[in-house]
Every structure is written in structure tokens, then in C-alpha cells.
file run_1.pdb (PDB, C-alpha atoms, pLDDT in the B column)
ATOM      1  CA  MET A   1     113.663  79.927  47.676  1.00 60.00           C
ATOM      2  CA  ASP A   2     110.592  82.006  48.510  1.00 71.00           C
ATOM      3  CA  LEU A   3     107.711  80.299  50.314  1.00 73.00           C
ATOM      4  CA  PHE A   4     105.009  82.327  48.541  1.00 76.00           C
ATOM      5  CA  SER A   5     106.330  82.307  45.013  1.00 88.00           C
ATOM      6  CA  PRO A   6     103.802  82.217  42.159  1.00 88.00           C
ATOM      7  CA  LYS A   7     104.614  78.560  41.466  1.00 91.00           C
ATOM      8  CA  HIS A   8     103.844  77.529  45.034  1.00 91.00           C
ATOM      9  CA  LEU A   9     100.615  79.528  45.114  1.00 89.00           C
ATOM     10  CA  LEU A  10      99.505  77.939  41.834  1.00 92.00           C
ATOM     11  CA  ILE A  11     100.182  74.449  43.187  1.00 93.00           C
ATOM     12  CA  VAL A  12      98.258  75.207  46.380  1.00 91.00           C
ATOM     13  CA  LEU A  13      95.345  76.571  44.317  1.00 89.00           C
ATOM     14  CA  LEU A  14      95.251  73.424  42.163  1.00 92.00           C
ATOM     15  CA  VAL A  15      95.289  71.169  45.236  1.00 93.00           C
ATOM     16  CA  VAL A  16      92.445  73.147  46.824  1.00 90.00           C
ATOM     17  CA  LEU A  17      90.443  72.900  43.579  1.00 89.00           C
ATOM     18  CA  ILE A  18      90.964  69.142  43.440  1.00 91.00           C
ATOM     19  CA  VAL A  19      90.065  68.601  47.100  1.00 90.00           C
ATOM     20  CA  PHE A  20      87.009  70.848  47.348  1.00 88.00           C
ATOM     21  CA  GLY A  21      85.787  71.172  43.770  1.00 90.00           C
ATOM     22  CA  THR A  22      84.525  74.300  42.071  1.00 86.00           C
ATOM     23  CA  LYS A  23      80.942  74.093  43.325  1.00 89.00           C
ATOM     24  CA  LYS A  24      81.998  73.796  46.959  1.00 90.00           C
ATOM     25  CA  LEU A  25      84.476  76.663  46.596  1.00 88.00           C
ATOM     26  CA  ARG A  26      81.770  78.832  45.031  1.00 90.00           C
ATOM     27  CA  THR A  27      79.452  78.071  47.966  1.00 93.00           C
ATOM     28  CA  ILE A  28      82.166  78.792  50.512  1.00 90.00           C
ATOM     29  CA  GLY A  29      82.994  82.067  48.775  1.00 90.00           C
ATOM     30  CA  SER A  30      79.395  83.280  48.704  1.00 94.00           C
ATOM     31  CA  ASP A  31      78.851  82.299  52.359  1.00 95.00           C
ATOM     32  CA  LEU A  32      82.012  84.102  53.373  1.00 94.00           C
ATOM     33  CA  GLY A  33      80.953  87.181  51.373  1.00 96.00           C
ATOM     34  CA  GLN A  34      77.542  87.249  53.085  1.00 96.00           C
ATOM     35  CA  ALA A  35      79.173  86.949  56.501  1.00 96.00           C
ATOM     36  CA  VAL A  36      81.547  89.841  55.807  1.00 96.00           C
ATOM     37  CA  ARG A  37      78.688  91.944  54.429  1.00 96.00           C
ATOM     38  CA  GLY A  38      76.574  91.261  57.524  1.00 96.00           C
ATOM     39  CA  PHE A  39      79.487  92.174  59.779  1.00 96.00           C
ATOM     40  CA  LYS A  40      80.029  95.476  57.944  1.00 96.00           C
ATOM     41  CA  ASP A  41      76.319  96.307  58.127  1.00 94.00           C
ATOM     42  CA  SER A  42      76.196  95.678  61.862  1.00 93.00           C
ATOM     43  CA  MET A  43      79.301  97.792  62.399  1.00 93.00           C
ATOM     44  CA  LYS A  44      77.725 100.682  60.463  1.00 93.00           C
ATOM     45  CA  GLU A  45      74.501 100.307  62.446  1.00 91.00           C
ATOM     46  CA  GLY A  46      76.455 100.397  65.708  1.00 88.00           C
ATOM     47  CA  GLU A  47      78.233 103.569  64.634  1.00 88.00           C
ATOM     48  CA  ARG A  48      74.891 105.196  63.744  1.00 87.00           C
ATOM     49  CA  GLU A  49      73.440 104.260  67.126  1.00 84.00           C
ATOM     50  CA  ALA A  50      76.508 105.669  68.888  1.00 82.00           C
ATOM     51  CA  GLU A  51      76.125 108.991  67.043  1.00 83.00           C
ATOM     52  CA  GLN A  52      72.464 109.409  68.020  1.00 80.00           C
ATOM     53  CA  PRO A  53      71.747 111.175  71.312  1.00 79.00           C
ATOM     54  CA  PRO A  54      70.282 108.957  74.018  1.00 75.00           C
ATOM     55  CA  PRO A  55      66.505 109.109  74.446  1.00 74.00           C
ATOM     56  CA  PRO A  56      65.202 111.362  77.220  1.00 77.00           C
ATOM     57  CA  PRO A  57      64.599 109.603  80.531  1.00 77.00           C
ATOM     58  CA  VAL A  58      61.084 108.413  81.213  1.00 76.00           C
ATOM     59  CA  GLU A  59      59.380 110.064  84.150  1.00 79.00           C
ATOM     60  CA  ALA A  60      58.451 107.753  86.964  1.00 73.00           C
ATOM     61  CA  ARG A  61      54.755 107.597  87.737  1.00 77.00           C
ATOM     62  CA  GLN A  62      53.316 106.771  91.103  1.00 76.00           C
ATOM     63  CA  LEU A  63      50.748 104.014  91.281  1.00 77.00           C
ATOM     64  CA  PRO A  64      47.461 104.888  92.950  1.00 80.00           C
ATOM     65  CA  PRO A  65      47.222 103.690  96.545  1.00 79.00           C
ATOM     66  CA  GLN A  66      45.566 100.301  96.963  1.00 77.00           C
ATOM     67  CA  ASP A  67      43.503  99.029  99.861  1.00 68.00           C
ATOM     68  CA  LYS A  68      45.663  96.579 101.822  1.00 65.00           C
ATOM     69  CA  ALA A  69      42.660  94.877 103.418  1.00 58.00           C
ATOM     70  CA  ALA A  70      41.284  93.644 100.082  1.00 53.00           C
ATOM     71  CA  PRO A  71      44.106  91.168  99.320  1.00 53.00           C
ATOM     72  CA  ALA A  72      43.975  89.777 102.850  1.00 51.00           C
ATOM     73  CA  GLU A  73      40.270  89.053 102.501  1.00 52.00           C
ATOM     74  CA  LYS A  74      40.858  87.207  99.243  1.00 53.00           C
ATOM     75  CA  THR A  75      43.426  84.921 100.818  1.00 53.00           C
ATOM     76  CA  SER A  76      41.105  84.068 103.687  1.00 52.00           C
ATOM     77  CA  THR A  77      38.300  83.121 101.268  1.00 52.00           C
ATOM     78  CA  THR A  78      40.621  80.878  99.295  1.00 53.00           C
ATOM     79  CA  GLU A  79      41.710  79.173 102.486  1.00 54.00           C
ATOM     80  CA  LYS A  80      38.079  78.477 103.395  1.00 56.00           C
ATOM     81  CA  THR A  81      37.300  76.935 100.012  1.00 59.00           C
ATOM     82  CA  SER A  82      40.383  74.777  99.948  1.00 56.00           C
ATOM     83  CA  VAL A  83      39.673  73.214 103.367  1.00 54.00           C
TER      84      VAL A  83
END
call {"tool": "encode", "arguments": {"input": "run_1.pdb", "output": "C-alpha cells"}}
result
Amino acid sequence: MDLFSPKHLLIVLLVVLIVFGTKKLRTIGSDLGQAVRGFKDSMKEGEREAEQPPPPPVEARQLPPQDKAAPAEKTSTTEKTSV
């Protein structure tokens, strides 16, 4: 006796139809199809990104020198106003 004979599969299909109903099965099927489609699209996008060469490195720029006395003066004025 085979577990997956056509008779057994037909009985399982009928039970699933009775339990879930056709509308619910249609919704589940479309949701599952969208999920698989989204997965395939993301896999293709990942493959395309892997094939592209990496962007060239960005050159580091030096910031202009700042006067260190200016921030110290600002903190002393804030201390005077808060007291």
C-alpha cells in the first residue's frame, strides 16, 4: 500500500478544500506566489550587484584647521550666563 497513491492524495485534497474553502486557498496561493516571486527578484538583484565592479574608493579630504581658542571662549561665556 503506497502512502502517496492517487486515492490518498485526492482524499487529502478534499479534506483541505473542506477545511479551508476555495476562497482561502486562492488567497494563500496568491500570497505564496508573490512571496516566491519577490524572493526570485531579490536573488537576481543580488547576482547583478555581485557582477558589478565595486565603486572606486572616495578620496579622503582634510578639514581646514580650526582655531582651538574659539570653542573655549564660547564655553566660558555660557558658564557666565548660566550662573
call {"tool": "atom_distance", "arguments": {"input": "run_1.pdb", "atom1": "atom CA of Arg37 of chain A", "atom2": "atom CA of Glu51 of chain A"}}
result
21.4 Å
call {"tool": "atom_distance", "arguments": {"input": "run_1.pdb", "atom1": "atom CA of Arg26 of chain A", "atom2": "atom CA of Leu13 of chain A"}}
result
13.8 Å
call {"tool": "atom_distance", "arguments": {"input": "run_1.pdb", "atom1": "atom CA of Thr22 of chain A", "atom2": "atom CA of Leu10 of chain A"}}
result
15.4 Å
call {"tool": "axis_aligned_box", "arguments": {"input": "run_1.pdb", "around": "segment 4-13 of chain A", "padding_each_side": "3 Å", "output": "AutoDock Vina command-line options"}}
result
--center_x 100.8 --center_y 78.4 --center_z 45.0 --size_x 17.0 --size_y 13.9 --size_z 13.1
call {"tool": "decode", "arguments": {"input": "run_1.pdb", "residues": "segment 23-73 of chain A", "atoms": "N, CA and C atoms", "output": "PDB file, in the first residue's frame"}}
result
ATOM      1  N   LYS A  23     -11.963  30.071  -1.368  1.00  0.00           N
ATOM      2  CA  LYS A  23     -11.506  31.456  -1.324  1.00  0.00           C
ATOM      3  C   LYS A  23     -10.212  31.584  -0.530  1.00  0.00           C
ATOM      4  N   LYS A  24     -10.158  30.906   0.610  1.00  0.00           N
ATOM      5  CA  LYS A  24      -8.959  30.959   1.448  1.00  0.00           C
ATOM      6  C   LYS A  24      -7.779  30.311   0.729  1.00  0.00           C
ATOM      7  N   LEU A  25      -8.007  29.213   0.043  1.00  0.00           N
ATOM      8  CA  LEU A  25      -6.927  28.553  -0.692  1.00  0.00           C
ATOM      9  C   LEU A  25      -6.420  29.440  -1.827  1.00  0.00           C
ATOM     10  N   ARG A  26      -7.338  30.152  -2.494  1.00  0.00           N
ATOM     11  CA  ARG A  26      -6.932  31.060  -3.554  1.00  0.00           C
ATOM     12  C   ARG A  26      -6.058  32.183  -2.994  1.00  0.00           C
ATOM     13  N   THR A  27      -6.433  32.711  -1.835  1.00  0.00           N
ATOM     14  CA  THR A  27      -5.657  33.771  -1.191  1.00  0.00           C
ATOM     15  C   THR A  27      -4.288  33.268  -0.771  1.00  0.00           C
ATOM     16  N   ILE A  28      -4.251  32.086  -0.190  1.00  0.00           N
ATOM     17  CA  ILE A  28      -2.972  31.504   0.232  1.00  0.00           C
ATOM     18  C   ILE A  28      -2.075  31.273  -0.977  1.00  0.00           C
ATOM     19  N   GLY A  29      -2.647  30.786  -2.062  1.00  0.00           N
ATOM     20  CA  GLY A  29      -1.870  30.532  -3.271  1.00  0.00           C
ATOM     21  C   GLY A  29      -1.291  31.799  -3.867  1.00  0.00           C
ATOM     22  N   SER A  30      -2.096  32.868  -3.918  1.00  0.00           N
ATOM     23  CA  SER A  30      -1.575  34.117  -4.491  1.00  0.00           C
ATOM     24  C   SER A  30      -0.519  34.729  -3.579  1.00  0.00           C
ATOM     25  N   ASP A  31      -0.706  34.660  -2.264  1.00  0.00           N
ATOM     26  CA  ASP A  31       0.304  35.179  -1.336  1.00  0.00           C
ATOM     27  C   ASP A  31       1.611  34.403  -1.448  1.00  0.00           C
ATOM     28  N   LEU A  32       1.494  33.106  -1.563  1.00  0.00           N
ATOM     29  CA  LEU A  32       2.689  32.273  -1.709  1.00  0.00           C
ATOM     30  C   LEU A  32       3.398  32.570  -3.031  1.00  0.00           C
ATOM     31  N   GLY A  33       2.628  32.774  -4.107  1.00  0.00           N
ATOM     32  CA  GLY A  33       3.215  33.118  -5.398  1.00  0.00           C
ATOM     33  C   GLY A  33       3.952  34.447  -5.360  1.00  0.00           C
ATOM     34  N   GLN A  34       3.370  35.456  -4.682  1.00  0.00           N
ATOM     35  CA  GLN A  34       4.032  36.750  -4.557  1.00  0.00           C
ATOM     36  C   GLN A  34       5.317  36.632  -3.748  1.00  0.00           C
ATOM     37  N   ALA A  35       5.296  35.821  -2.710  1.00  0.00           N
ATOM     38  CA  ALA A  35       6.497  35.651  -1.886  1.00  0.00           C
ATOM     39  C   ALA A  35       7.620  34.991  -2.684  1.00  0.00           C
ATOM     40  N   VAL A  36       7.285  33.982  -3.457  1.00  0.00           N
ATOM     41  CA  VAL A  36       8.294  33.298  -4.277  1.00  0.00           C
ATOM     42  C   VAL A  36       8.825  34.238  -5.345  1.00  0.00           C
ATOM     43  N   ARG A  37       7.940  35.030  -5.956  1.00  0.00           N
ATOM     44  CA  ARG A  37       8.359  35.982  -6.976  1.00  0.00           C
ATOM     45  C   ARG A  37       9.295  37.041  -6.388  1.00  0.00           C
ATOM     46  N   GLY A  38       8.963  37.538  -5.205  1.00  0.00           N
ATOM     47  CA  GLY A  38       9.828  38.520  -4.544  1.00  0.00           C
ATOM     48  C   GLY A  38      11.183  37.937  -4.199  1.00  0.00           C
ATOM     49  N   PHE A  39      11.201  36.694  -3.757  1.00  0.00           N
ATOM     50  CA  PHE A  39      12.462  36.018  -3.444  1.00  0.00           C
ATOM     51  C   PHE A  39      13.325  35.877  -4.695  1.00  0.00           C
ATOM     52  N   LYS A  40      12.719  35.469  -5.803  1.00  0.00           N
ATOM     53  CA  LYS A  40      13.475  35.315  -7.055  1.00  0.00           C
ATOM     54  C   LYS A  40      14.029  36.652  -7.520  1.00  0.00           C
ATOM     55  N   ASP A  41      13.210  37.710  -7.424  1.00  0.00           N
ATOM     56  CA  ASP A  41      13.676  39.035  -7.835  1.00  0.00           C
ATOM     57  C   ASP A  41      14.856  39.501  -6.999  1.00  0.00           C
ATOM     58  N   SER A  42      14.799  39.281  -5.701  1.00  0.00           N
ATOM     59  CA  SER A  42      15.909  39.705  -4.848  1.00  0.00           C
ATOM     60  C   SER A  42      17.161  38.875  -5.113  1.00  0.00           C
ATOM     61  N   MET A  43      16.996  37.615  -5.429  1.00  0.00           N
ATOM     62  CA  MET A  43      18.157  36.792  -5.775  1.00  0.00           C
ATOM     63  C   MET A  43      18.807  37.285  -7.068  1.00  0.00           C
ATOM     64  N   LYS A  44      17.989  37.637  -8.069  1.00  0.00           N
ATOM     65  CA  LYS A  44      18.531  38.151  -9.325  1.00  0.00           C
ATOM     66  C   LYS A  44      19.234  39.483  -9.098  1.00  0.00           C
ATOM     67  N   GLU A  45      18.656  40.330  -8.260  1.00  0.00           N
ATOM     68  CA  GLU A  45      19.264  41.625  -7.962  1.00  0.00           C
ATOM     69  C   GLU A  45      20.603  41.440  -7.250  1.00  0.00           C
ATOM     70  N   GLY A  46      20.673  40.483  -6.344  1.00  0.00           N
ATOM     71  CA  GLY A  46      21.929  40.197  -5.654  1.00  0.00           C
ATOM     72  C   GLY A  46      22.996  39.691  -6.604  1.00  0.00           C
ATOM     73  N   GLU A  47      22.606  38.880  -7.567  1.00  0.00           N
ATOM     74  CA  GLU A  47      23.565  38.383  -8.555  1.00  0.00           C
ATOM     75  C   GLU A  47      24.076  39.523  -9.429  1.00  0.00           C
ATOM     76  N   ARG A  48      23.164  40.463  -9.804  1.00  0.00           N
ATOM     77  CA  ARG A  48      23.589  41.604 -10.614  1.00  0.00           C
ATOM     78  C   ARG A  48      24.558  42.490  -9.844  1.00  0.00           C
ATOM     79  N   GLU A  49      24.291  42.702  -8.569  1.00  0.00           N
ATOM     80  CA  GLU A  49      25.181  43.522  -7.749  1.00  0.00           C
ATOM     81  C   GLU A  49      26.542  42.854  -7.581  1.00  0.00           C
ATOM     82  N   ALA A  50      26.559  41.533  -7.499  1.00  0.00           N
ATOM     83  CA  ALA A  50      27.821  40.809  -7.333  1.00  0.00           C
ATOM     84  C   ALA A  50      28.652  40.880  -8.615  1.00  0.00           C
ATOM     85  N   GLU A  51      27.994  40.959  -9.773  1.00  0.00           N
ATOM     86  CA  GLU A  51      28.716  41.017 -11.041  1.00  0.00           C
ATOM     87  C   GLU A  51      29.310  42.394 -11.300  1.00  0.00           C
ATOM     88  N   GLN A  52      28.719  43.445 -10.739  1.00  0.00           N
ATOM     89  CA  GLN A  52      29.211  44.797 -10.975  1.00  0.00           C
ATOM     90  C   GLN A  52      30.509  45.019 -10.204  1.00  0.00           C
ATOM     91  N   PRO A  53      31.449  45.775 -10.819  1.00  0.00           N
ATOM     92  CA  PRO A  53      32.684  46.067 -10.083  1.00  0.00           C
ATOM     93  C   PRO A  53      32.389  47.026  -8.939  1.00  0.00           C
ATOM     94  N   PRO A  54      33.156  46.953  -7.872  1.00  0.00           N
ATOM     95  CA  PRO A  54      32.913  47.852  -6.744  1.00  0.00           C
ATOM     96  C   PRO A  54      33.230  49.293  -7.136  1.00  0.00           C
ATOM     97  N   PRO A  55      32.550  50.258  -6.525  1.00  0.00           N
ATOM     98  CA  PRO A  55      32.816  51.653  -6.867  1.00  0.00           C
ATOM     99  C   PRO A  55      34.222  52.048  -6.421  1.00  0.00           C
ATOM    100  N   PRO A  56      34.818  53.029  -7.111  1.00  0.00           N
ATOM    101  CA  PRO A  56      36.171  53.440  -6.729  1.00  0.00           C
ATOM    102  C   PRO A  56      36.153  54.067  -5.345  1.00  0.00           C
ATOM    103  N   PRO A  57      37.239  53.923  -4.596  1.00  0.00           N
ATOM    104  CA  PRO A  57      37.264  54.482  -3.244  1.00  0.00           C
ATOM    105  C   PRO A  57      37.218  56.008  -3.280  1.00  0.00           C
ATOM    106  N   VAL A  58      36.591  56.571  -2.293  1.00  0.00           N
ATOM    107  CA  VAL A  58      36.468  58.018  -2.195  1.00  0.00           C
ATOM    108  C   VAL A  58      37.729  58.556  -1.536  1.00  0.00           C
ATOM    109  N   GLU A  59      38.269  59.620  -2.109  1.00  0.00           N
ATOM    110  CA  GLU A  59      39.474  60.205  -1.540  1.00  0.00           C
ATOM    111  C   GLU A  59      39.130  60.928  -0.244  1.00  0.00           C
ATOM    112  N   ALA A  60      40.002  60.797   0.711  1.00  0.00           N
ATOM    113  CA  ALA A  60      39.789  61.474   1.984  1.00  0.00           C
ATOM    114  C   ALA A  60      40.228  62.926   1.848  1.00  0.00           C
ATOM    115  N   ARG A  61      39.393  63.818   2.349  1.00  0.00           N
ATOM    116  CA  ARG A  61      39.740  65.238   2.327  1.00  0.00           C
ATOM    117  C   ARG A  61      40.075  65.684   3.730  1.00  0.00           C
ATOM    118  N   GLN A  62      41.034  66.605   3.796  1.00  0.00           N
ATOM    119  CA  GLN A  62      41.398  67.145   5.101  1.00  0.00           C
ATOM    120  C   GLN A  62      40.542  68.358   5.389  1.00  0.00           C
ATOM    121  N   LEU A  63      40.060  68.454   6.617  1.00  0.00           N
ATOM    122  CA  LEU A  63      39.296  69.615   7.027  1.00  0.00           C
ATOM    123  C   LEU A  63      40.240  70.778   7.264  1.00  0.00           C
ATOM    124  N   PRO A  64      39.780  71.993   7.002  1.00  0.00           N
ATOM    125  CA  PRO A  64      40.650  73.146   7.260  1.00  0.00           C
ATOM    126  C   PRO A  64      40.903  73.270   8.753  1.00  0.00           C
ATOM    127  N   PRO A  65      42.082  73.761   9.124  1.00  0.00           N
ATOM    128  CA  PRO A  65      42.379  73.891  10.558  1.00  0.00           C
ATOM    129  C   PRO A  65      41.438  74.904  11.213  1.00  0.00           C
ATOM    130  N   GLN A  66      41.028  74.587  12.439  1.00  0.00           N
ATOM    131  CA  GLN A  66      40.140  75.476  13.181  1.00  0.00           C
ATOM    132  C   GLN A  66      40.890  76.071  14.360  1.00  0.00           C
ATOM    133  N   ASP A  67      40.466  77.244  14.780  1.00  0.00           N
ATOM    134  CA  ASP A  67      41.073  77.913  15.912  1.00  0.00           C
ATOM    135  C   ASP A  67      40.576  77.233  17.186  1.00  0.00           C
ATOM    136  N   LYS A  68      41.486  76.711  17.994  1.00  0.00           N
ATOM    137  CA  LYS A  68      41.096  75.996  19.205  1.00  0.00           C
ATOM    138  C   LYS A  68      40.664  76.937  20.314  1.00  0.00           C
ATOM    139  N   ALA A  69      41.030  78.193  20.246  1.00  0.00           N
ATOM    140  CA  ALA A  69      40.674  79.148  21.290  1.00  0.00           C
ATOM    141  C   ALA A  69      39.205  79.545  21.183  1.00  0.00           C
ATOM    142  N   ALA A  70      38.632  79.525  20.001  1.00  0.00           N
ATOM    143  CA  ALA A  70      37.253  79.956  19.812  1.00  0.00           C
ATOM    144  C   ALA A  70      36.265  79.078  20.581  1.00  0.00           C
ATOM    145  N   PRO A  71      36.352  77.758  20.549  1.00  0.00           N
ATOM    146  CA  PRO A  71      35.393  76.969  21.326  1.00  0.00           C
ATOM    147  C   PRO A  71      35.555  77.166  22.836  1.00  0.00           C
ATOM    148  N   ALA A  72      36.747  77.392  23.294  1.00  0.00           N
ATOM    149  CA  ALA A  72      36.958  77.591  24.729  1.00  0.00           C
ATOM    150  C   ALA A  72      36.295  78.877  25.187  1.00  0.00           C
ATOM    151  N   GLU A  73      36.349  79.912  24.367  1.00  0.00           N
ATOM    152  CA  GLU A  73      35.715  81.172  24.723  1.00  0.00           C
ATOM    153  C   GLU A  73      34.203  81.015  24.798  1.00  0.00           C
TER     154      GLU A  73
END
